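**Student:** The structure's right below; bear with me while I get my questions together.
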Amino acid sequence: MTYIVRLRNRRGIHPQAHKASALEQVLHKLSIDKSEIIAIGDFYNDLEMIEFAGLGIAMGNAPDDLKDKANVVTSSNNEDGVFYALEKYLF
């Protein structure tokens, strides 16, 4: 079974609420281990999520220090990086 969760960071939310904590709640509810999760991001608001996931992937257009924290770097947004990452690691 495959679940794709898209989370957006919003203003005015609790400072401890971030994409990784949201993923953690979803995993708990679905009894999924974080080692089974792929997280893909391109900016600093994705950092905790990329570090939390079993496989953290940074987009090619992400800042270099975010790329350094990721397990893998894929192509940029403009080069269909999400497609290529999912094709390589999911299918």
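By convention here, the chains of the structure tokens are called A, B, ... in the order presented, each chain's residues are numbered starting at 1, and ligands are numbered starting at 1 in the order presented.
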Report as an MDAnalysis selection string all protein, DNA and RNA residues lying within 9 Å of Ala70 in chain A, evaluated on only C-alpha atoms, omitting residues in the same chain fewer than 3 positions from it.
**Tutor:** chainID A and resid 47 50:51 55:58 66:67 73
**Student:** Report the residues of range 19-80 of chain A whose backbone DSSP state falls under alpha helix (DSSP H), written as a ChimeraX atom specification.
**Tutor:** /A:19-30,47-52,64-69
**Student:** Using DSSP on the backbone, list every residue of chain A that comes out as strand (DSSP E), and give them as a list in words.
**Tutor:**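 The residues of chain A classed as strand (DSSP E) are Ile38, Ala39, Ile40, Gly41, Leu55, Gly56, Ile57, Ala58, Val72 and Val73 of chain A.
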**Student:** If we count only C-alpha atoms and set the cut-off at 7 Å, which residues sit around range 15-23 of chain A, ignoring sequence neighbours fewer than 6 positions away in its own chain? Please answer as a list of chain:residue names.
**Tutor:** A:Leu7, A:Asp46, A:Glu48, A:Met49, A:Phe52
**Student:** Based on the selection just made, write N, CA and C atoms of those residues as an mmCIF file, in the first residue's frame.
**Tutor:**
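See part.cif below for the written result:
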```
data_model
loop_
_atom_site.group_PDB
_atom_site.id
_atom_site.type_symbol
_atom_site.label_atom_id
_atom_site.label_comp_id
_atom_site.auth_asym_id
_atom_site.auth_seq_id
_atom_site.Cartn_x
_atom_site.Cartn_y
_atom_site.Cartn_z
ATOM 1 N N LEU A 7 2.335 17.961 2.582
ATOM 2 C CA LEU A 7 2.132 18.861 3.714
ATOM 3 C C LEU A 7 2.662 20.242 3.354
ATOM 4 N N ASP A 46 11.648 22.021 4.955
ATOM 5 C CA ASP A 46 11.620 20.577 4.727
ATOM 6 C C ASP A 46 12.722 19.835 5.487
ATOM 7 N N GLU A 48 13.556 19.142 8.734
ATOM 8 C CA GLU A 48 13.214 18.140 9.753
ATOM 9 C C GLU A 48 12.600 16.903 9.105
ATOM 10 N N MET A 49 11.778 17.097 8.107
ATOM 11 C CA MET A 49 11.134 15.993 7.413
ATOM 12 C C MET A 49 12.166 15.132 6.691
ATOM 13 N N PHE A 52 14.095 13.182 9.247
ATOM 14 C CA PHE A 52 13.253 12.196 9.930
ATOM 15 C C PHE A 52 13.021 10.939 9.098
#
```
**Student:** Per residue of range 12-63 of chain A within 9 Å of range 77-90 of chain A, what are the shortest atom pair and its distance in Å to one decimal, counting only C-alpha atoms, with rows by chain and residue number, as CSV?
**Tutor:**
```
residue,atom,partner,partner_atom,distance
A:Ile38,CA,A:Tyr89,CA,8.4
A:Ile40,CA,A:Val82,CA,7.2
A:Asp42,CA,A:Asn77,CA,8.3
A:Ile57,CA,A:Ala85,CA,7.8
A:Met59,CA,A:Gly81,CA,6.3
A:Gly60,CA,A:Asn77,CA,7.3
A:Asn61,CA,A:Asn77,CA,6.8
```
**Student:** With distances taken over only C-alpha atoms, which of A:Ser35, A:Gln25, A:Leu30, A:Tyr44 is nearest to Pro63 in chain A?
**Tutor:** A:Tyr44
